[in-house]
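Novice: This one is coords_34.cif, mmCIF, C-alpha atoms, pLDDT in the B column; chains and numbers go by the auth columns.
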data_upload
loop_
_atom_site.group_PDB
_atom_site.id
_atom_site.type_symbol
_atom_site.label_atom_id
_atom_site.label_comp_id
_atom_site.label_asym_id
_atom_site.label_seq_id
_atom_site.Cartn_x
_atom_site.Cartn_y
_atom_site.Cartn_z
_atom_site.B_iso_or_equiv
_atom_site.auth_seq_id
_atom_site.auth_asym_id
ATOM 1 C CA MET A 1 12.949 -29.480 -109.758 64.00 194 I
ATOM 2 C CA SER A 2 13.144 -28.654 -113.432 86.00 195 I
ATOM 3 C CA LEU A 3 16.289 -29.300 -115.418 90.00 196 I
ATOM 4 C CA LEU A 4 16.741 -25.596 -116.165 91.00 197 I
ATOM 5 C CA VAL A 5 16.666 -24.526 -112.511 91.00 198 I
ATOM 6 C CA ASP A 6 18.933 -27.423 -111.542 90.00 199 I
ATOM 7 C CA THR A 7 21.519 -26.594 -114.208 93.00 200 I
ATOM 8 C CA CYS A 8 21.443 -22.876 -113.416 93.00 201 I
ATOM 9 C CA ALA A 9 21.821 -23.497 -109.679 93.00 202 I
ATOM 10 C CA ASN A 10 24.763 -25.861 -110.138 93.00 203 I
ATOM 11 C CA LEU A 11 26.426 -23.482 -112.585 94.00 204 I
ATOM 12 C CA SER A 12 25.941 -20.608 -110.130 95.00 205 I
ATOM 13 C CA LEU A 13 27.484 -22.637 -107.301 95.00 206 I
ATOM 14 C CA GLY A 14 30.567 -23.229 -109.437 96.00 207 I
ATOM 15 C CA LEU A 15 30.852 -19.592 -110.474 97.00 208 I
ATOM 16 C CA ILE A 16 30.388 -18.310 -106.907 97.00 209 I
ATOM 17 C CA THR A 17 33.098 -20.711 -105.741 97.00 210 I
ATOM 18 C CA LEU A 18 35.384 -19.314 -108.445 97.00 211 I
ATOM 19 C CA GLY A 19 34.526 -15.809 -107.196 96.00 212 I
ATOM 20 C CA ILE A 20 35.420 -16.734 -103.625 96.00 213 I
ATOM 21 C CA VAL A 21 38.753 -18.177 -104.800 97.00 214 I
ATOM 22 C CA LEU A 22 39.558 -15.017 -106.777 95.00 215 I
ATOM 23 C CA SER A 23 38.638 -12.692 -103.914 95.00 216 I
ATOM 24 C CA THR A 24 40.720 -14.817 -101.540 95.00 217 I
ATOM 25 C CA TYR A 25 43.643 -14.204 -103.892 95.00 218 I
ATOM 26 C CA ARG A 26 42.924 -10.458 -103.626 93.00 219 I
ATOM 27 C CA LEU A 27 42.691 -10.794 -99.833 93.00 220 I
ATOM 28 C CA ILE A 28 46.149 -12.368 -99.638 93.00 221 I
ATOM 29 C CA ARG A 29 47.800 -10.352 -102.398 91.00 222 I
ATOM 30 C CA GLY A 30 45.968 -7.003 -102.068 79.00 223 I
ATOM 31 C CA PRO A 31 48.692 -4.344 -102.126 87.00 224 I
ATOM 32 C CA ASP A 32 46.731 -2.021 -99.832 87.00 225 I
ATOM 33 C CA MET A 33 44.674 -2.493 -96.701 88.00 226 I
ATOM 34 C CA PRO A 34 41.431 -1.109 -98.263 88.00 227 I
ATOM 35 C CA ASP A 35 41.776 -3.743 -101.022 91.00 228 I
ATOM 36 C CA ARG A 36 41.770 -6.419 -98.345 91.00 229 I
ATOM 37 C CA ALA A 37 38.743 -4.876 -96.614 91.00 230 I
ATOM 38 C CA VAL A 38 36.774 -4.888 -99.863 92.00 231 I
ATOM 39 C CA ALA A 39 37.883 -8.456 -100.629 94.00 232 I
ATOM 40 C CA LEU A 40 36.754 -9.608 -97.166 92.00 233 I
ATOM 41 C CA ASP A 41 33.361 -7.961 -97.653 93.00 234 I
ATOM 42 C CA LEU A 42 33.060 -9.561 -101.091 94.00 235 I
ATOM 43 C CA ILE A 43 33.838 -13.012 -99.658 95.00 236 I
ATOM 44 C CA GLY A 44 31.081 -12.528 -97.078 94.00 237 I
ATOM 45 C CA ILE A 45 28.533 -11.488 -99.692 94.00 238 I
ATOM 46 C CA LEU A 46 29.535 -14.393 -101.960 96.00 239 I
ATOM 47 C CA CYS A 47 29.084 -16.804 -99.035 95.00 240 I
ATOM 48 C CA VAL A 48 25.547 -15.458 -98.550 95.00 241 I
ATOM 49 C CA GLY A 49 24.915 -15.939 -102.270 95.00 242 I
ATOM 50 C CA PHE A 50 26.298 -19.479 -102.089 95.00 243 I
ATOM 51 C CA MET A 51 23.951 -20.330 -99.234 94.00 244 I
ATOM 52 C CA ALA A 52 20.958 -18.877 -101.112 94.00 245 I
ATOM 53 C CA VAL A 53 21.765 -20.832 -104.292 94.00 246 I
ATOM 54 C CA TYR A 54 22.405 -23.985 -102.238 93.00 247 I
ATOM 55 C CA THR A 55 18.911 -23.569 -100.748 92.00 248 I
ATOM 56 C CA ILE A 56 17.458 -23.551 -104.282 91.00 249 I
ATOM 57 C CA ALA A 57 19.660 -26.374 -105.577 90.00 250 I
ATOM 58 C CA LYS A 58 19.025 -28.790 -102.689 88.00 251 I
ATOM 59 C CA ASN A 59 15.536 -27.558 -101.751 87.00 252 I
ATOM 60 C CA ASP A 60 16.695 -27.381 -98.112 84.00 253 I
ATOM 61 C CA ALA A 61 16.202 -24.170 -96.112 84.00 254 I
ATOM 62 C CA ALA A 62 18.669 -25.077 -93.346 83.00 255 I
ATOM 63 C CA TYR A 63 21.260 -22.549 -94.523 87.00 256 I
ATOM 64 C CA LEU A 64 18.942 -19.533 -94.876 88.00 257 I
ATOM 65 C CA PRO A 65 19.182 -18.286 -91.245 85.00 258 I
ATOM 66 C CA ALA A 66 22.951 -18.761 -91.373 87.00 259 I
ATOM 67 C CA GLY A 67 23.036 -16.700 -94.561 90.00 260 I
ATOM 68 C CA MET A 68 21.099 -13.939 -92.850 88.00 261 I
ATOM 69 C CA ALA A 69 23.498 -13.940 -89.893 87.00 262 I
ATOM 70 C CA VAL A 70 26.529 -13.819 -92.201 90.00 263 I
ATOM 71 C CA ALA A 71 25.005 -10.951 -94.214 89.00 264 I
ATOM 72 C CA LEU A 72 24.388 -8.854 -91.099 86.00 265 I
ATOM 73 C CA MET A 73 27.768 -9.636 -89.541 87.00 266 I
ATOM 74 C CA ALA A 74 29.758 -9.078 -92.746 89.00 267 I
ATOM 75 C CA PHE A 75 28.362 -5.540 -92.883 87.00 268 I
ATOM 76 C CA LEU A 76 29.426 -4.987 -89.279 88.00 269 I
ATOM 77 C CA GLY A 77 32.916 -6.308 -90.024 88.00 270 I
ATOM 78 C CA THR A 78 33.322 -4.045 -93.048 89.00 271 I
ATOM 79 C CA VAL A 79 32.233 -0.993 -91.059 88.00 272 I
ATOM 80 C CA ALA A 80 34.646 -1.799 -88.232 86.00 273 I
ATOM 81 C CA PHE A 81 37.437 -2.324 -90.780 87.00 274 I
ATOM 82 C CA ALA A 82 36.650 1.021 -92.426 86.00 275 I
ATOM 83 C CA GLN A 83 36.726 2.843 -89.125 84.00 276 I
ATOM 84 C CA TYR A 84 40.011 1.185 -88.206 83.00 277 I
ATOM 85 C CA LEU A 85 41.519 2.353 -91.498 84.00 278 I
ATOM 86 C CA ARG A 86 40.167 5.889 -91.027 81.00 279 I
ATOM 87 C CA HIS A 87 41.851 6.153 -87.651 76.00 280 I
ATOM 88 C CA GLY A 88 45.178 5.412 -89.352 66.00 281 I
ATOM 89 C CA GLY A 89 45.418 1.652 -89.156 57.00 282 I
ATOM 90 C CA ASP A 90 48.596 -0.238 -89.897 51.00 283 I
ATOM 91 C CA ARG A 91 49.044 -0.167 -93.651 45.00 284 I
ATOM 92 C CA MET B 1 31.971 7.794 -87.828 65.00 529 L
ATOM 93 C CA ASN B 2 30.258 10.828 -89.333 74.00 530 L
ATOM 94 C CA SER B 3 28.338 9.451 -92.311 83.00 531 L
ATOM 95 C CA LEU B 4 24.645 10.151 -92.852 90.00 532 L
ATOM 96 C CA ILE B 5 24.153 7.030 -94.985 90.00 533 L
ATOM 97 C CA PHE B 6 25.749 4.803 -92.369 89.00 534 L
ATOM 98 C CA LYS B 7 23.751 6.363 -89.522 91.00 535 L
ATOM 99 C CA THR B 8 20.464 5.996 -91.406 93.00 536 L
ATOM 100 C CA ALA B 9 21.255 2.404 -92.358 90.00 537 L
ATOM 101 C CA THR B 10 22.144 1.646 -88.740 91.00 538 L
ATOM 102 C CA ARG B 11 18.762 2.934 -87.549 92.00 539 L
ATOM 103 C CA TYR B 12 17.098 0.266 -89.704 92.00 540 L
ATOM 104 C CA LEU B 13 19.647 -2.505 -89.223 90.00 541 L
ATOM 105 C CA VAL B 14 19.868 -2.535 -85.412 93.00 542 L
ATOM 106 C CA PRO B 15 16.203 -3.519 -84.842 93.00 543 L
ATOM 107 C CA VAL B 16 16.567 -6.267 -87.463 91.00 544 L
ATOM 108 C CA LEU B 17 19.673 -7.598 -85.709 91.00 545 L
ATOM 109 C CA LEU B 18 17.992 -7.575 -82.282 94.00 546 L
ATOM 110 C CA VAL B 19 14.836 -9.306 -83.538 94.00 547 L
ATOM 111 C CA PHE B 20 17.013 -11.867 -85.347 91.00 548 L
ATOM 112 C CA ALA B 21 18.931 -12.440 -82.095 92.00 549 L
ATOM 113 C CA ILE B 22 15.690 -13.187 -80.238 93.00 550 L
ATOM 114 C CA HIS B 23 14.594 -15.432 -83.113 91.00 551 L
ATOM 115 C CA LEU B 24 17.876 -17.371 -82.837 90.00 552 L
ATOM 116 C CA LEU B 25 17.436 -17.645 -79.050 91.00 553 L
ATOM 117 C CA LEU B 26 13.895 -19.010 -79.291 89.00 554 L
ATOM 118 C CA ARG B 27 14.473 -21.447 -82.149 86.00 555 L
ATOM 119 C CA GLY B 28 17.590 -22.828 -80.461 82.00 556 L
ATOM 120 C CA HIS B 29 15.566 -25.486 -78.670 78.00 557 L
ATOM 121 C CA ASN B 30 14.636 -27.398 -81.816 79.00 558 L
ATOM 122 C CA ALA B 31 16.918 -26.042 -84.546 79.00 559 L
ATOM 123 C CA PRO B 32 20.433 -24.601 -84.936 78.00 560 L
ATOM 124 C CA GLY B 33 20.784 -21.429 -82.910 77.00 561 L
ATOM 125 C CA GLY B 34 20.444 -20.862 -79.200 83.00 562 L
ATOM 126 C CA GLY B 35 21.708 -18.497 -76.559 86.00 563 L
ATOM 127 C CA PHE B 36 25.310 -18.285 -77.735 91.00 564 L
ATOM 128 C CA ALA B 37 24.586 -17.402 -81.368 90.00 565 L
ATOM 129 C CA GLY B 38 21.733 -15.112 -80.342 92.00 566 L
ATOM 130 C CA GLY B 39 23.928 -13.289 -77.849 93.00 567 L
ATOM 131 C CA LEU B 40 26.617 -12.775 -80.478 93.00 568 L
ATOM 132 C CA VAL B 41 24.107 -11.290 -82.933 92.00 569 L
ATOM 133 C CA ALA B 42 22.626 -9.031 -80.231 94.00 570 L
ATOM 134 C CA ALA B 43 26.113 -7.831 -79.316 94.00 571 L
ATOM 135 C CA GLY B 44 26.681 -7.196 -83.030 92.00 572 L
ATOM 136 C CA GLY B 45 23.629 -4.947 -83.101 93.00 573 L
ATOM 137 C CA TYR B 46 24.812 -2.826 -80.199 94.00 574 L
ATOM 138 C CA THR B 47 28.343 -2.763 -81.627 93.00 575 L
ATOM 139 C CA LEU B 48 26.951 -1.373 -84.877 92.00 576 L
ATOM 140 C CA TYR B 49 25.053 1.285 -82.938 93.00 577 L
ATOM 141 C CA ALA B 50 28.185 2.213 -80.998 92.00 578 L
ATOM 142 C CA LEU B 51 30.192 2.434 -84.255 89.00 579 L
ATOM 143 C CA ALA B 52 27.631 4.796 -85.794 90.00 580 L
ATOM 144 C CA PHE B 53 26.770 7.031 -82.841 91.00 581 L
ATOM 145 C CA GLY B 54 29.758 6.677 -80.512 88.00 582 L
ATOM 146 C CA VAL B 55 30.506 4.498 -77.502 89.00 583 L
ATOM 147 C CA THR B 56 28.696 6.722 -74.972 91.00 584 L
ATOM 148 C CA ALA B 57 25.504 6.566 -77.063 91.00 585 L
ATOM 149 C CA GLY B 58 25.925 2.791 -77.313 90.00 586 L
ATOM 150 C CA ARG B 59 26.271 2.447 -73.532 92.00 587 L
ATOM 151 C CA ARG B 60 23.261 4.710 -73.005 92.00 588 L
ATOM 152 C CA THR B 61 21.132 2.616 -75.387 91.00 589 L
ATOM 153 C CA LEU B 62 22.088 -0.603 -73.607 89.00 590 L
ATOM 154 C CA ARG B 63 20.739 0.930 -70.325 89.00 591 L
ATOM 155 C CA VAL B 64 22.545 -1.589 -68.075 92.00 592 L
ATOM 156 C CA SER B 65 26.323 -1.889 -68.029 92.00 593 L
ATOM 157 C CA PRO B 66 27.808 -4.887 -69.898 92.00 594 L
ATOM 158 C CA GLU B 67 29.243 -6.135 -66.582 93.00 595 L
ATOM 159 C CA CYS B 68 25.736 -6.190 -65.068 94.00 596 L
ATOM 160 C CA LEU B 69 24.391 -7.973 -68.159 93.00 597 L
ATOM 161 C CA ALA B 70 27.052 -10.696 -67.998 94.00 598 L
ATOM 162 C CA GLY B 71 26.743 -11.118 -64.219 95.00 599 L
ATOM 163 C CA GLY B 72 22.943 -11.173 -64.278 95.00 600 L
ATOM 164 C CA GLY B 73 22.948 -13.720 -67.081 94.00 601 L
ATOM 165 C CA LEU B 74 25.342 -15.972 -65.184 94.00 602 L
ATOM 166 C CA LEU B 75 23.151 -15.682 -62.078 95.00 603 L
ATOM 167 C CA LEU B 76 20.038 -16.589 -64.098 93.00 604 L
ATOM 168 C CA ALA B 77 21.787 -19.619 -65.648 92.00 605 L
ATOM 169 C CA VAL B 78 23.007 -20.850 -62.242 92.00 606 L
ATOM 170 C CA ILE B 79 19.550 -20.380 -60.665 91.00 607 L
ATOM 171 C CA SER B 80 17.911 -22.298 -63.519 90.00 608 L
ATOM 172 C CA ALA B 81 20.464 -25.104 -63.063 88.00 609 L
ATOM 173 C CA PHE B 82 19.824 -25.303 -59.295 87.00 610 L
ATOM 174 C CA ALA B 83 16.020 -25.146 -59.621 85.00 611 L
ATOM 175 C CA SER B 84 15.747 -28.887 -60.230 84.00 612 L
ATOM 176 C CA LEU B 85 17.732 -29.561 -57.045 85.00 613 L
ATOM 177 C CA PHE B 86 14.989 -27.915 -54.986 83.00 614 L
ATOM 178 C CA ALA B 87 12.361 -29.992 -56.814 81.00 615 L
ATOM 179 C CA GLY B 88 14.139 -33.141 -55.639 81.00 616 L
ATOM 180 C CA LYS B 89 15.687 -34.107 -58.968 82.00 617 L
ATOM 181 C CA ALA B 90 19.293 -34.335 -60.164 83.00 618 L
ATOM 182 C CA PHE B 91 21.293 -31.177 -60.849 84.00 619 L
ATOM 183 C CA MET B 92 20.370 -29.461 -64.144 80.00 620 L
ATOM 184 C CA THR B 93 17.358 -31.686 -64.829 83.00 621 L
ATOM 185 C CA ALA B 94 14.914 -29.881 -67.089 82.00 622 L
ATOM 186 C CA LEU B 95 11.666 -28.798 -65.431 81.00 623 L
ATOM 187 C CA TRP B 96 8.737 -27.851 -67.650 83.00 624 L
ATOM 188 C CA PHE B 97 5.777 -25.680 -66.769 80.00 625 L
ATOM 189 C CA LYS B 98 2.615 -25.348 -68.818 80.00 626 L
ATOM 190 C CA ILE B 99 1.348 -21.800 -68.628 79.00 627 L
ATOM 191 C CA PRO B 100 -2.219 -21.442 -69.913 79.00 628 L
ATOM 192 C CA MET B 101 -2.544 -18.817 -72.603 78.00 629 L
ATOM 193 C CA PRO B 102 -5.640 -17.079 -73.935 80.00 630 L
ATOM 194 C CA GLY B 103 -7.153 -19.363 -76.559 77.00 631 L
ATOM 195 C CA PRO B 104 -6.809 -23.130 -76.843 78.00 632 L
ATOM 196 C CA GLY B 105 -3.007 -23.291 -76.529 79.00 633 L
ATOM 197 C CA TYR B 106 -0.576 -23.117 -73.642 79.00 634 L
ATOM 198 C CA LEU B 107 3.008 -21.920 -73.311 78.00 635 L
ATOM 199 C CA LYS B 108 5.457 -24.695 -72.461 79.00 636 L
ATOM 200 C CA LEU B 109 8.237 -22.971 -70.559 80.00 637 L
ATOM 201 C CA GLY B 110 11.118 -24.746 -68.877 82.00 638 L
ATOM 202 C CA THR B 111 14.384 -24.247 -67.081 85.00 639 L
ATOM 203 C CA PRO B 112 16.428 -24.938 -70.281 86.00 640 L
ATOM 204 C CA PHE B 113 14.968 -21.762 -71.750 88.00 641 L
ATOM 205 C CA PHE B 114 16.073 -19.709 -68.729 90.00 642 L
ATOM 206 C CA PHE B 115 19.518 -21.313 -68.928 91.00 643 L
ATOM 207 C CA ASP B 116 19.678 -20.310 -72.602 91.00 644 L
ATOM 208 C CA LEU B 117 18.495 -16.810 -71.722 93.00 645 L
ATOM 209 C CA GLY B 118 21.325 -16.615 -69.190 94.00 646 L
ATOM 210 C CA VAL B 119 23.851 -17.753 -71.800 94.00 647 L
ATOM 211 C CA PHE B 120 22.439 -15.112 -74.159 94.00 648 L
ATOM 212 C CA ALA B 121 22.991 -12.363 -71.576 95.00 649 L
ATOM 213 C CA VAL B 122 26.482 -13.601 -70.627 96.00 650 L
ATOM 214 C CA VAL B 123 27.679 -13.767 -74.238 95.00 651 L
ATOM 215 C CA ALA B 124 26.150 -10.391 -75.172 95.00 652 L
ATOM 216 C CA GLY B 125 27.538 -8.768 -72.021 95.00 653 L
ATOM 217 C CA VAL B 126 31.065 -10.146 -72.380 96.00 654 L
ATOM 218 C CA VAL B 127 31.333 -9.311 -76.099 95.00 655 L
ATOM 219 C CA LEU B 128 30.019 -5.782 -75.497 95.00 656 L
ATOM 220 C CA LEU B 129 32.453 -5.382 -72.608 95.00 657 L
ATOM 221 C CA PHE B 130 35.326 -6.238 -74.985 93.00 658 L
ATOM 222 C CA VAL B 131 34.035 -4.017 -77.780 92.00 659 L
ATOM 223 C CA PHE B 132 33.185 -0.954 -75.700 92.00 660 L
ATOM 224 C CA SER B 133 36.480 -1.123 -73.790 92.00 661 L
ATOM 225 C CA LEU B 134 38.491 -1.430 -77.019 88.00 662 L
ATOM 226 C CA MET B 135 36.597 1.447 -78.649 86.00 663 L
ATOM 227 C CA GLU B 136 37.183 3.648 -75.627 86.00 664 L
ATOM 228 C CA VAL B 137 40.909 2.924 -75.660 82.00 665 L
ATOM 229 C CA LYS B 138 41.093 4.218 -79.229 61.00 666 L
ATOM 230 C CA GLU B 139 39.289 7.492 -78.512 54.00 667 L
#
Would you mind giving the structure from this file in structure tokens?
Specialist:
Amino acid sequence: MSLLVDTCANLSLGLITLGIVLSTYRLIRGPDMPDRAVALDLIGILCVGFMAVYTIAKNDAAYLPAGMAVALMAFLGTVAFAQYLRHGGDR
Amino acid sequence: MNSLIFKTATRYLVPVLLVFAIHLLLRGHNAPGGGFAGGLVAAGGYTLYALAFGVTAGRRTLRVSPECLAGGGLLLAVISAFASLFAGKAFMTALWFKIPMPGPGYLKLGTPFFFDLGVFAVVAGVVLLFVFSLMEVKE
């Protein structure tokens, strides 16, 4: 593993973690329900990104299938959330 | 939900989800995965279809009712657990069969796989029962 790839991967892991923290803040704070739905979707996508970068950083493909499952299920969750809001969910 | 983009995306996503569910089921013997995770992903696929095209379309695509799926899966799991009893071994002992396949290889199939298949059907059936019932309440 070259130094460049290693540094970039570790930097990305830190930045993605920061992103998850910030979107968690939006999830808790979010003044409206759609804000929370978007924040939840963003957390899911960032988790997938974290798993992908972890695979590169540690050269270990154990997390790739989990990342795929999370990606597919996060989409499903967002869609269900959107439909719930359309039908006049509790704001 | 009446969105063309969502419906088109669903048409491509549902097969991926179902194939991934079968992949999880089959790799569960040697790697993380198995019947429970596979059943959840399969139920997710049908849930997505029901969200895009309505609950009645989702039920029609599933062909069998979720109750039948859960009950049949439980029956399959129980039968696979009792099979070793008839072979004169302890309850739930794994039995392996070697099925010759075309070519040099053979398929090693055992009762643990059928137990996992039963778990797959039970989990998918129960989750779909929840989801379809809840979606019908809302309509």
Novice: Which of these, L:Ala609, L:Leu656, L:Ala622, L:Val592, has the shortest distance to Leu568 (chain L) once you count all atoms listed in the file?
Specialist: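 Result for the nearest residue to Leu568 (chain L): L:Leu656.
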Novice: Neighbouring residues of region 213-230 of chain I were defined as those with any atom within 7 Å, considering all atoms listed in the file; residues of the same chain fewer than 6 positions away were excluded. Please report them as a PyMOL selection string.
Specialist: chain I and resi 236+239+271+274+284
Novice: Could you tell me which residues the PyMOL selection byres ((chain L and resi 535) around 12) returns for this structure, as a ChimeraX atom specification?
Specialist: /I:272 /L:529-534,536-542,576-582
Novice: Please determine, counting all atoms listed in the file, which residue among L:Leu554, L:Gly646, L:Val569, L:Val654 has the shortest atom-to-atom distance to Ala264 (chain I).
Specialist: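 Looking at the shortest contact to Ala264 (chain I), the residue is L:Val569.
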Novice: Tell me which protein, DNA and RNA residues are within 8 Å of Leu552 (chain L), counting all atoms listed in the file, leaving out same-chain ones fewer than 3 positions away, and put them as a ChimeraX atom specification.
Specialist: /L:548-549,555-556,560-563,565-566
Novice: Mind listing as a list in words which residues of chain I are within 8 Å of chain L, counting all atoms listed in the file?
Specialist: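 In the required form, that comes to Ala262, Leu265, Met266, Leu269, Val272, Ala273 and Gln276 of chain I.
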Novice: Using only C-alpha atoms, pick whichever of L:Lys636, L:Ser612, L:Phe660, L:Phe564 has the shortest atom-to-atom distance to Pro594 (chain L).
Specialist: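 Answer, going by the shortest atom-to-atom distance: L:Phe660.
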Novice: Place a sphere of radius 12 Å on (15.2, -28.1, -110.1) in the file coordinates and name every protein, DNA or RNA residue with an atom inside or on its surface, counting all atoms listed in the file; give the answer as a ChimeraX atom specification.
Specialist: /I:194-203,246-252
Novice: One decimal, Å: what's the distance from CA of Gly270 (chain I) over to CA of Asn558 (chain L), could you say?
Specialist: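 Distance reported for this atom pair: 29.1 Å.
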Novice: Please check which residues have atoms at most 8 Å from (11.8, -25.4, -71.0) in the file's coordinates, counting all atoms listed in the file, and write them as a ChimeraX atom specification.
Specialist: /L:622-625,636-642
